[in-house]
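Q: I am sharing data.txt, which consists of compact mmCIF, N, CA, C and O atoms:
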```
# COMPACT_ATOMS: atom_id res chain seq x y z
N MET A 1 0.85 -1.17 0.00
CA MET A 1 0.00 0.00 0.00
C MET A 1 0.90 1.24 0.00
O MET A 1 1.82 1.34 0.79
N GLN A 2 0.58 2.17 -0.89
CA GLN A 2 1.31 3.43 -0.95
C GLN A 2 0.34 4.57 -0.62
O GLN A 2 -0.82 4.54 -1.03
N ILE A 3 0.86 5.55 0.11
CA ILE A 3 0.08 6.73 0.46
C ILE A 3 0.83 7.94 -0.07
O ILE A 3 1.98 8.16 0.27
N ARG A 4 0.14 8.69 -0.90
CA ARG A 4 0.75 9.87 -1.53
C ARG A 4 -0.09 11.08 -1.16
O ARG A 4 -1.31 11.09 -1.30
N ALA A 5 0.58 12.12 -0.64
CA ALA A 5 -0.11 13.37 -0.32
C ALA A 5 -0.20 14.22 -1.57
O ALA A 5 0.79 14.43 -2.27
N VAL A 6 -1.41 14.70 -1.87
CA VAL A 6 -1.64 15.57 -3.02
C VAL A 6 -2.19 16.88 -2.49
O VAL A 6 -3.19 16.89 -1.76
N GLU A 7 -1.54 17.98 -2.84
CA GLU A 7 -2.00 19.30 -2.40
C GLU A 7 -2.65 20.04 -3.56
O GLU A 7 -2.11 20.08 -4.66
N LYS A 8 -3.81 20.61 -3.27
CA LYS A 8 -4.53 21.40 -4.26
C LYS A 8 -5.36 22.43 -3.51
O LYS A 8 -5.99 22.09 -2.50
N ASN A 9 -5.34 23.66 -3.95
CA ASN A 9 -6.08 24.73 -3.29
C ASN A 9 -5.74 24.83 -1.81
O ASN A 9 -6.60 25.06 -0.97
N GLN A 10 -4.49 24.62 -1.48
CA GLN A 10 -3.97 24.69 -0.11
C GLN A 10 -4.60 23.67 0.83
O GLN A 10 -4.64 23.87 2.04
N LYS A 11 -5.10 22.59 0.27
CA LYS A 11 -5.64 21.48 1.06
C LYS A 11 -4.92 20.21 0.62
O LYS A 11 -4.49 20.09 -0.52
N ILE A 12 -4.85 19.25 1.52
CA ILE A 12 -4.13 18.00 1.24
C ILE A 12 -5.09 16.82 1.22
O ILE A 12 -5.98 16.73 2.07
N CYS A 13 -4.89 15.93 0.26
CA CYS A 13 -5.60 14.65 0.20
C CYS A 13 -4.55 13.55 0.29
O CYS A 13 -3.48 13.66 -0.29
N ALA A 14 -4.88 12.50 0.98
CA ALA A 14 -4.05 11.29 0.99
C ALA A 14 -4.64 10.36 -0.05
O ALA A 14 -5.79 9.96 0.05
N VAL A 15 -3.85 10.02 -1.07
CA VAL A 15 -4.30 9.10 -2.11
C VAL A 15 -3.66 7.75 -1.81
O VAL A 15 -2.45 7.61 -1.82
N VAL A 16 -4.50 6.76 -1.51
CA VAL A 16 -4.04 5.43 -1.14
C VAL A 16 -4.16 4.51 -2.35
O VAL A 16 -5.24 4.38 -2.92
N SER A 17 -3.06 3.88 -2.72
CA SER A 17 -3.07 2.98 -3.87
C SER A 17 -2.20 1.77 -3.56
O SER A 17 -1.59 1.69 -2.50
N GLY A 18 -2.12 0.85 -4.51
CA GLY A 18 -1.28 -0.32 -4.33
C GLY A 18 -1.88 -1.55 -4.95
O GLY A 18 -2.93 -1.51 -5.57
N LYS A 19 -1.17 -2.65 -4.75
CA LYS A 19 -1.64 -3.94 -5.25
C LYS A 19 -2.19 -4.73 -4.09
O LYS A 19 -1.79 -4.56 -2.95
N GLY A 20 -3.09 -5.60 -4.38
CA GLY A 20 -3.67 -6.43 -3.33
C GLY A 20 -4.87 -5.75 -2.69
O GLY A 20 -5.14 -4.57 -2.92
N LYS A 21 -5.58 -6.50 -1.91
CA LYS A 21 -6.80 -6.02 -1.27
C LYS A 21 -6.49 -5.63 0.18
O LYS A 21 -6.50 -6.46 1.08
N ALA A 22 -6.20 -4.36 0.41
CA ALA A 22 -5.88 -3.88 1.75
C ALA A 22 -7.12 -3.75 2.63
O ALA A 22 -7.04 -3.81 3.84
N ILE A 23 -8.29 -3.58 2.01
CA ILE A 23 -9.52 -3.40 2.77
C ILE A 23 -10.42 -4.61 2.53
O ILE A 23 -10.97 -4.79 1.46
N LYS A 24 -10.52 -5.42 3.58
CA LYS A 24 -11.33 -6.63 3.49
C LYS A 24 -12.51 -6.59 4.44
O LYS A 24 -13.40 -7.41 4.35
N GLY A 25 -12.48 -5.66 5.36
CA GLY A 25 -13.54 -5.53 6.35
C GLY A 25 -13.40 -4.20 7.06
O GLY A 25 -12.55 -3.39 6.73
N VAL A 26 -14.24 -3.99 8.06
CA VAL A 26 -14.26 -2.72 8.77
C VAL A 26 -12.93 -2.46 9.48
O VAL A 26 -12.41 -1.35 9.44
N GLY A 27 -12.33 -3.48 10.09
CA GLY A 27 -11.07 -3.30 10.81
C GLY A 27 -9.93 -2.88 9.90
O GLY A 27 -9.18 -1.95 10.21
N SER A 28 -9.80 -3.55 8.77
CA SER A 28 -8.73 -3.19 7.84
C SER A 28 -8.99 -1.84 7.19
O SER A 28 -8.05 -1.09 6.89
N ALA A 29 -10.25 -1.47 7.00
CA ALA A 29 -10.57 -0.14 6.47
C ALA A 29 -10.12 0.94 7.46
O ALA A 29 -9.53 1.96 7.06
N LEU A 30 -10.37 0.71 8.72
CA LEU A 30 -9.93 1.66 9.74
C LEU A 30 -8.41 1.78 9.76
O LEU A 30 -7.87 2.88 9.87
N ASP A 31 -7.71 0.66 9.62
CA ASP A 31 -6.25 0.69 9.57
C ASP A 31 -5.75 1.54 8.40
O ASP A 31 -4.83 2.34 8.55
N VAL A 32 -6.35 1.38 7.24
CA VAL A 32 -5.95 2.16 6.06
C VAL A 32 -6.22 3.64 6.30
O VAL A 32 -5.37 4.49 6.02
N LEU A 33 -7.38 3.98 6.83
CA LEU A 33 -7.72 5.38 7.10
C LEU A 33 -6.75 6.02 8.09
O LEU A 33 -6.27 7.14 7.88
N MET A 34 -6.46 5.30 9.16
CA MET A 34 -5.57 5.86 10.17
C MET A 34 -4.15 6.01 9.62
O MET A 34 -3.48 7.01 9.91
N SER A 35 -3.70 5.07 8.83
CA SER A 35 -2.37 5.18 8.21
C SER A 35 -2.31 6.39 7.29
O SER A 35 -1.34 7.15 7.30
N ALA A 36 -3.35 6.57 6.49
CA ALA A 36 -3.38 7.71 5.56
C ALA A 36 -3.41 9.02 6.33
O ALA A 36 -2.69 9.97 5.98
N LYS A 37 -4.22 9.10 7.36
CA LYS A 37 -4.29 10.32 8.17
C LYS A 37 -2.94 10.62 8.81
O LYS A 37 -2.49 11.76 8.83
N TYR A 38 -2.30 9.60 9.34
CA TYR A 38 -1.02 9.79 10.02
C TYR A 38 0.09 10.20 9.04
O TYR A 38 0.83 11.14 9.29
N GLU A 39 0.19 9.50 7.92
CA GLU A 39 1.28 9.75 6.98
C GLU A 39 1.11 11.06 6.21
O GLU A 39 2.08 11.76 5.95
N ALA A 40 -0.12 11.40 5.81
CA ALA A 40 -0.34 12.60 5.01
C ALA A 40 -0.82 13.78 5.85
O ALA A 40 -0.96 14.88 5.35
N LYS A 41 -1.11 13.52 7.11
CA LYS A 41 -1.57 14.55 8.04
C LYS A 41 -2.82 15.28 7.49
O LYS A 41 -2.88 16.50 7.44
N THR A 42 -3.79 14.48 7.10
CA THR A 42 -5.04 15.03 6.57
C THR A 42 -6.19 14.09 6.88
O THR A 42 -5.99 12.90 7.12
N GLU A 43 -7.38 14.64 6.88
CA GLU A 43 -8.58 13.83 7.06
C GLU A 43 -9.22 13.48 5.73
O GLU A 43 -10.22 12.78 5.68
N ASN A 44 -8.68 13.99 4.64
CA ASN A 44 -9.21 13.73 3.30
C ASN A 44 -8.48 12.55 2.69
O ASN A 44 -7.29 12.63 2.42
N VAL A 45 -9.20 11.47 2.48
CA VAL A 45 -8.57 10.23 2.02
C VAL A 45 -9.26 9.75 0.74
O VAL A 45 -10.49 9.67 0.69
N VAL A 46 -8.46 9.43 -0.25
CA VAL A 46 -8.94 8.88 -1.51
C VAL A 46 -8.43 7.45 -1.58
O VAL A 46 -7.23 7.22 -1.51
N ILE A 47 -9.33 6.48 -1.71
CA ILE A 47 -8.96 5.07 -1.73
C ILE A 47 -9.29 4.50 -3.10
O ILE A 47 -10.44 4.55 -3.53
N GLY A 48 -8.29 3.92 -3.76
CA GLY A 48 -8.51 3.29 -5.05
C GLY A 48 -9.29 1.99 -4.91
O GLY A 48 -9.12 1.26 -3.95
N LYS A 49 -10.15 1.72 -5.89
CA LYS A 49 -11.02 0.54 -5.77
C LYS A 49 -10.25 -0.77 -5.75
O LYS A 49 -10.73 -1.75 -5.23
N ARG A 50 -9.04 -0.79 -6.30
CA ARG A 50 -8.25 -2.03 -6.30
C ARG A 50 -7.90 -2.49 -4.89
O ARG A 50 -7.62 -3.66 -4.67
N LEU A 51 -7.91 -1.57 -3.94
CA LEU A 51 -7.59 -1.92 -2.56
C LEU A 51 -8.77 -2.52 -1.80
O LEU A 51 -8.61 -3.05 -0.72
N VAL A 52 -9.96 -2.41 -2.37
CA VAL A 52 -11.17 -2.83 -1.67
C VAL A 52 -11.63 -4.19 -2.17
O VAL A 52 -11.95 -4.36 -3.35
N ALA A 53 -11.67 -5.16 -1.27
CA ALA A 53 -12.14 -6.50 -1.61
C ALA A 53 -13.62 -6.43 -1.96
O ALA A 53 -14.39 -5.67 -1.36
N ASP A 54 -14.04 -7.23 -2.93
CA ASP A 54 -15.43 -7.22 -3.37
C ASP A 54 -16.41 -7.44 -2.22
O ASP A 54 -17.43 -6.79 -2.14
N GLY A 55 -16.10 -8.33 -1.32
CA GLY A 55 -16.99 -8.63 -0.21
C GLY A 55 -17.18 -7.48 0.75
O GLY A 55 -18.15 -7.44 1.51
N PHE A 56 -16.28 -6.51 0.72
CA PHE A 56 -16.39 -5.38 1.64
C PHE A 56 -17.67 -4.60 1.40
O PHE A 56 -18.26 -4.07 2.33
N PHE A 57 -18.12 -4.52 0.17
CA PHE A 57 -19.29 -3.71 -0.11
C PHE A 57 -20.55 -4.27 0.52
O PHE A 57 -21.53 -3.55 0.69
N SER A 58 -20.54 -5.53 0.93
CA SER A 58 -21.69 -6.05 1.68
C SER A 58 -21.71 -5.48 3.09
O SER A 58 -22.73 -5.48 3.75
N LEU A 59 -20.56 -4.98 3.55
CA LEU A 59 -20.46 -4.35 4.87
C LEU A 59 -20.51 -2.83 4.79
O LEU A 59 -20.32 -2.14 5.77
N ALA A 60 -20.74 -2.30 3.60
CA ALA A 60 -20.57 -0.87 3.35
C ALA A 60 -21.40 0.02 4.27
O ALA A 60 -20.97 1.09 4.65
N ARG A 61 -22.56 -0.42 4.67
CA ARG A 61 -23.39 0.42 5.53
C ARG A 61 -22.74 0.67 6.88
O ARG A 61 -22.95 1.72 7.48
N ALA A 62 -21.96 -0.25 7.40
CA ALA A 62 -21.30 -0.06 8.69
C ALA A 62 -20.13 0.91 8.58
O ALA A 62 -19.73 1.52 9.55
N PHE A 63 -19.61 1.07 7.41
CA PHE A 63 -18.40 1.87 7.19
C PHE A 63 -18.54 3.31 7.66
O PHE A 63 -17.81 3.74 8.54
N PRO A 64 -19.47 4.11 7.14
CA PRO A 64 -19.54 5.51 7.60
C PRO A 64 -20.02 5.64 9.03
O PRO A 64 -19.60 6.54 9.75
N GLU A 65 -20.87 4.74 9.49
CA GLU A 65 -21.39 4.82 10.84
C GLU A 65 -20.29 4.60 11.87
O GLU A 65 -20.32 5.15 12.95
N LYS A 66 -19.30 3.79 11.55
CA LYS A 66 -18.26 3.44 12.50
C LYS A 66 -17.20 4.53 12.67
O LYS A 66 -16.81 4.84 13.76
N PHE A 67 -16.71 5.07 11.55
CA PHE A 67 -15.55 5.94 11.71
C PHE A 67 -15.35 6.97 10.63
O PHE A 67 -14.26 7.46 10.43
N CYS A 68 -16.38 7.37 9.95
CA CYS A 68 -16.20 8.35 8.86
C CYS A 68 -16.87 9.68 9.15
O CYS A 68 -17.14 10.43 8.24
N ARG A 69 -17.11 9.98 10.37
CA ARG A 69 -17.78 11.24 10.66
C ARG A 69 -16.95 12.44 10.24
O ARG A 69 -17.48 13.44 9.84
N ASN A 70 -15.63 12.36 10.34
CA ASN A 70 -14.77 13.48 9.98
C ASN A 70 -13.81 13.13 8.86
O ASN A 70 -12.80 13.78 8.69
N THR A 71 -14.10 12.11 8.12
CA THR A 71 -13.20 11.66 7.06
C THR A 71 -13.96 11.56 5.75
O THR A 71 -15.05 11.01 5.71
N SER A 72 -13.36 12.09 4.72
CA SER A 72 -13.94 11.94 3.39
C SER A 72 -13.17 10.87 2.66
O SER A 72 -11.95 10.89 2.63
N ILE A 73 -13.88 9.92 2.10
CA ILE A 73 -13.24 8.81 1.41
C ILE A 73 -13.85 8.72 0.03
O ILE A 73 -15.05 8.77 -0.13
N MET A 74 -13.01 8.58 -0.95
CA MET A 74 -13.50 8.46 -2.30
C MET A 74 -12.95 7.19 -2.92
O MET A 74 -11.78 6.87 -2.75
N THR A 75 -13.77 6.50 -3.63
CA THR A 75 -13.31 5.34 -4.35
C THR A 75 -14.27 5.06 -5.50
O THR A 75 -15.45 5.35 -5.38
N THR A 76 -13.76 4.56 -6.56
CA THR A 76 -14.66 4.07 -7.59
C THR A 76 -15.04 2.66 -7.15
O THR A 76 -14.34 2.03 -6.39
N ILE A 77 -16.16 2.19 -7.61
CA ILE A 77 -16.60 0.86 -7.19
C ILE A 77 -16.87 -0.01 -8.40
O ILE A 77 -17.14 0.49 -9.49
N PRO A 78 -16.81 -1.30 -8.19
CA PRO A 78 -17.13 -2.22 -9.29
C PRO A 78 -18.60 -2.08 -9.69
O PRO A 78 -19.38 -1.47 -8.98
N ASN A 79 -18.95 -2.66 -10.80
CA ASN A 79 -20.34 -2.60 -11.26
C ASN A 79 -21.19 -3.57 -10.46
O ASN A 79 -21.21 -4.75 -10.73
N TYR A 80 -21.88 -3.04 -9.47
CA TYR A 80 -22.77 -3.85 -8.66
C TYR A 80 -24.21 -3.57 -9.08
O TYR A 80 -24.54 -2.45 -9.45
N THR A 81 -25.03 -4.59 -9.01
CA THR A 81 -26.43 -4.43 -9.40
C THR A 81 -27.37 -4.47 -8.20
O THR A 81 -28.57 -4.31 -8.37
N SER A 82 -26.84 -4.66 -7.01
CA SER A 82 -27.66 -4.75 -5.82
C SER A 82 -28.38 -3.42 -5.56
O SER A 82 -27.76 -2.37 -5.45
N LYS A 83 -29.72 -3.46 -5.47
CA LYS A 83 -30.48 -2.24 -5.20
C LYS A 83 -30.10 -1.62 -3.85
O LYS A 83 -29.92 -0.41 -3.78
N PRO A 84 -29.97 -2.39 -2.77
CA PRO A 84 -29.56 -1.77 -1.50
C PRO A 84 -28.20 -1.07 -1.61
O PRO A 84 -28.02 0.01 -1.05
N LEU A 85 -27.25 -1.67 -2.33
CA LEU A 85 -25.94 -1.03 -2.49
C LEU A 85 -26.05 0.22 -3.33
O LEU A 85 -25.48 1.27 -3.00
N LYS A 86 -26.82 0.17 -4.42
CA LYS A 86 -27.03 1.37 -5.25
C LYS A 86 -27.66 2.48 -4.41
O LYS A 86 -27.28 3.65 -4.53
N ASP A 87 -28.64 2.14 -3.57
CA ASP A 87 -29.29 3.13 -2.71
C ASP A 87 -28.29 3.72 -1.72
O ASP A 87 -28.27 4.92 -1.48
N PHE A 88 -27.44 2.87 -1.15
CA PHE A 88 -26.43 3.32 -0.20
C PHE A 88 -25.46 4.30 -0.88
O PHE A 88 -25.14 5.35 -0.34
N ILE A 89 -25.02 3.96 -2.08
CA ILE A 89 -24.09 4.82 -2.82
C ILE A 89 -24.76 6.16 -3.14
O ILE A 89 -24.16 7.23 -2.96
N TYR A 90 -26.00 6.11 -3.56
CA TYR A 90 -26.74 7.34 -3.88
C TYR A 90 -26.83 8.24 -2.65
O TYR A 90 -26.55 9.44 -2.71
N GLU A 91 -27.22 7.67 -1.52
CA GLU A 91 -27.35 8.46 -0.29
C GLU A 91 -25.99 8.97 0.18
O GLU A 91 -25.86 10.10 0.64
N SER A 92 -24.95 8.14 0.08
CA SER A 92 -23.60 8.56 0.48
C SER A 92 -23.13 9.75 -0.34
O SER A 92 -22.57 10.70 0.19
N ASN A 93 -23.36 9.70 -1.63
CA ASN A 93 -22.90 10.77 -2.51
C ASN A 93 -23.64 12.09 -2.28
O ASN A 93 -23.15 13.13 -2.67
N LYS A 94 -24.77 12.06 -1.61
CA LYS A 94 -25.48 13.29 -1.27
C LYS A 94 -24.98 13.87 0.04
O LYS A 94 -25.27 15.02 0.36
N GLY A 95 -24.22 13.09 0.82
CA GLY A 95 -23.76 13.53 2.12
C GLY A 95 -22.44 14.28 2.08
O GLY A 95 -22.04 14.82 1.04
N LYS A 96 -21.74 14.27 3.21
CA LYS A 96 -20.49 15.02 3.34
C LYS A 96 -19.29 14.16 3.70
O LYS A 96 -18.18 14.66 3.73
N ASN A 97 -19.47 12.89 3.98
CA ASN A 97 -18.37 12.08 4.49
C ASN A 97 -17.83 11.03 3.55
O ASN A 97 -16.63 10.84 3.46
N VAL A 98 -18.71 10.30 2.89
CA VAL A 98 -18.27 9.19 2.05
C VAL A 98 -18.84 9.39 0.65
O VAL A 98 -20.02 9.63 0.49
N PHE A 99 -17.96 9.29 -0.34
CA PHE A 99 -18.37 9.46 -1.72
C PHE A 99 -17.81 8.33 -2.55
O PHE A 99 -16.73 7.83 -2.28
N PHE A 100 -18.52 7.95 -3.58
CA PHE A 100 -18.06 6.93 -4.52
C PHE A 100 -17.93 7.60 -5.87
O PHE A 100 -18.93 7.98 -6.48
N THR A 101 -16.71 7.78 -6.34
CA THR A 101 -16.45 8.51 -7.57
C THR A 101 -15.05 8.20 -8.06
O THR A 101 -14.34 7.41 -7.45
N SER A 102 -14.63 8.84 -9.14
CA SER A 102 -13.28 8.61 -9.65
C SER A 102 -12.25 9.33 -8.78
O SER A 102 -12.58 10.27 -8.05
N THR A 103 -11.01 8.89 -8.85
CA THR A 103 -9.95 9.46 -8.01
C THR A 103 -9.75 10.95 -8.29
O THR A 103 -9.67 11.74 -7.36
N GLU A 104 -9.66 11.33 -9.55
CA GLU A 104 -9.43 12.74 -9.86
C GLU A 104 -10.60 13.61 -9.40
O GLU A 104 -10.40 14.70 -8.87
N GLU A 105 -11.81 13.13 -9.59
CA GLU A 105 -12.97 13.87 -9.12
C GLU A 105 -12.96 13.96 -7.60
O GLU A 105 -13.33 14.97 -7.02
N ALA A 106 -12.50 12.90 -6.95
CA ALA A 106 -12.42 12.88 -5.49
C ALA A 106 -11.49 13.98 -4.99
O ALA A 106 -11.83 14.71 -4.05
N ILE A 107 -10.35 14.11 -5.61
CA ILE A 107 -9.40 15.14 -5.18
C ILE A 107 -10.01 16.52 -5.37
O ILE A 107 -9.90 17.38 -4.49
N ASP A 108 -10.70 16.73 -6.48
CA ASP A 108 -11.35 18.02 -6.72
C ASP A 108 -12.39 18.33 -5.65
O ASP A 108 -12.46 19.45 -5.14
N ILE A 109 -13.20 17.36 -5.30
CA ILE A 109 -14.24 17.56 -4.28
C ILE A 109 -13.63 17.84 -2.93
O ILE A 109 -14.06 18.74 -2.21
N LEU A 110 -12.61 17.10 -2.56
CA LEU A 110 -12.03 17.22 -1.23
C LEU A 110 -11.17 18.48 -1.06
O LEU A 110 -10.87 18.86 0.07
N THR A 111 -10.79 19.10 -2.13
CA THR A 111 -9.93 20.29 -2.03
C THR A 111 -10.65 21.57 -2.40
O THR A 111 -10.02 22.58 -2.68
N ARG A 112 -11.93 21.57 -2.39
CA ARG A 112 -12.71 22.79 -2.68
C ARG A 112 -12.52 23.79 -1.58
O ARG A 112 -12.34 23.54 -0.46
```
Before anything else, please render the file you have as C-alpha cells.
A:
Amino acid sequence: MQIRAVEKNQKICAVVSGKGKAIKGVGSALDVLMSAKYEAKTENVVIGKRLVADGFFSLARAFPEKFCRNTSIMTTIPNYTSKPLKDFIYESNKGKNVFFTSTEEAIDILTR
C-alpha cells in the first residue's frame, strides 16, 4: 500500500493505492484510514477501488457509521447491481463524508 499526499487549493488529500486487497472488512478499512491520516496529516482520504475487496461492499453500511464522521473517502466501485448497495451509494454521494467517484474527481471535491 502506498500513500501519496496531493495538495490542491492549499488542502491535502491522501491518495491510497497499491496492489492487493488492503480493505477486506471494517477493521482493515480503519487501519488504512488511520495510516493515511497519520502519513499525510489530513482527514481527506482517496482510496482506489483495487484496494477494496469485493466482499467489503456487503459491509458498506457499517463503514460511515463506524468511523467516517470526519473523514472523506472516495473510491470508484465495481459494477454492482444490488439495489440496496445502489441506494447506499446514492445516499452517500449526497452527504459530506463518504463518496463513490473517480480518483481525480475525489481530489477536486475534497480540495474545494
Q: With a distance cut-off of 12 Å and only C-alpha atoms, select the neighbouring residues of Ile109 (chain A), excluding the residue or stretch itself and same-chain residues fewer than 2 positions from it, and output the selection as a list in words.
A: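 Here the qualifying residues turn out to be Lys8, Asn9, Lys11, Ile12, Cys13, Asn44, Val45, Val46, Ser72, Ile73, Met74, Asn93, Lys96, Asn97, Val98, Phe99, Phe100, Thr101, Ser102, Thr103, Glu104, Glu105, Ala106, Ile107, Thr111 and Arg112 of chain A.
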Q: Would you work out the distance separating atom C of Ile3 (chain A) from atom N of Phe88 (chain A), expressed in Å to one decimal?
A: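 Calculated distance between atom C of Ile3 (chain A) and atom N of Phe88 (chain A) is 28.7 Å.
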Q: How many Å lie between atom C of Pro84 (chain A) and atom O of Lys21 (chain A), rounded to one decimal?
A: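 Distance between the two atoms: 22.5 Å.
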Q: May I have all residues of region 8-50 of chain A that DSSP, computed from the backbone, assigns to strand (DSSP E or B), given as a short mmCIF file (atom, residue, chain, number, x, y, z; two decimals) with N, CA, C and O atoms, keeping the file's coordinate frame?
A:
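Saved file result31.cif follows:
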```cif
data_model
loop_
_atom_site.label_atom_id
_atom_site.label_comp_id
_atom_site.auth_asym_id
_atom_site.auth_seq_id
_atom_site.Cartn_x
_atom_site.Cartn_y
_atom_site.Cartn_z
N LYS A 8 -3.81 20.61 -3.27
CA LYS A 8 -4.53 21.40 -4.26
C LYS A 8 -5.36 22.43 -3.51
O LYS A 8 -5.99 22.09 -2.50
N LYS A 11 -5.10 22.59 0.27
CA LYS A 11 -5.64 21.48 1.06
C LYS A 11 -4.92 20.21 0.62
O LYS A 11 -4.49 20.09 -0.52
N ILE A 12 -4.85 19.25 1.52
CA ILE A 12 -4.13 18.00 1.24
C ILE A 12 -5.09 16.82 1.22
O ILE A 12 -5.98 16.73 2.07
N CYS A 13 -4.89 15.93 0.26
CA CYS A 13 -5.60 14.65 0.20
C CYS A 13 -4.55 13.55 0.29
O CYS A 13 -3.48 13.66 -0.29
N ALA A 14 -4.88 12.50 0.98
CA ALA A 14 -4.05 11.29 0.99
C ALA A 14 -4.64 10.36 -0.05
O ALA A 14 -5.79 9.96 0.05
N VAL A 15 -3.85 10.02 -1.07
CA VAL A 15 -4.30 9.10 -2.11
C VAL A 15 -3.66 7.75 -1.81
O VAL A 15 -2.45 7.61 -1.82
N VAL A 16 -4.50 6.76 -1.51
CA VAL A 16 -4.04 5.43 -1.14
C VAL A 16 -4.16 4.51 -2.35
O VAL A 16 -5.24 4.38 -2.92
N SER A 17 -3.06 3.88 -2.72
CA SER A 17 -3.07 2.98 -3.87
C SER A 17 -2.20 1.77 -3.56
O SER A 17 -1.59 1.69 -2.50
N ILE A 23 -8.29 -3.58 2.01
CA ILE A 23 -9.52 -3.40 2.77
C ILE A 23 -10.42 -4.61 2.53
O ILE A 23 -10.97 -4.79 1.46
N ASN A 44 -8.68 13.99 4.64
CA ASN A 44 -9.21 13.73 3.30
C ASN A 44 -8.48 12.55 2.69
O ASN A 44 -7.29 12.63 2.42
N VAL A 45 -9.20 11.47 2.48
CA VAL A 45 -8.57 10.23 2.02
C VAL A 45 -9.26 9.75 0.74
O VAL A 45 -10.49 9.67 0.69
N VAL A 46 -8.46 9.43 -0.25
CA VAL A 46 -8.94 8.88 -1.51
C VAL A 46 -8.43 7.45 -1.58
O VAL A 46 -7.23 7.22 -1.51
N ILE A 47 -9.33 6.48 -1.71
CA ILE A 47 -8.96 5.07 -1.73
C ILE A 47 -9.29 4.50 -3.10
O ILE A 47 -10.44 4.55 -3.53
#
```
Q: Work out how far apart atom O of Ser82 (chain A) and atom C of Val32 (chain A) are and give it in Å to one decimal.
A: 25.3 Å
Q: Mind listing whatever residues come within 10 Å of the point (-5.2, 12.9, 8.1)? Use only C-alpha atoms, file coordinates, and give them as a PyMOL selection string.
A: chain A and resi 5+12-14+33-45+70-72
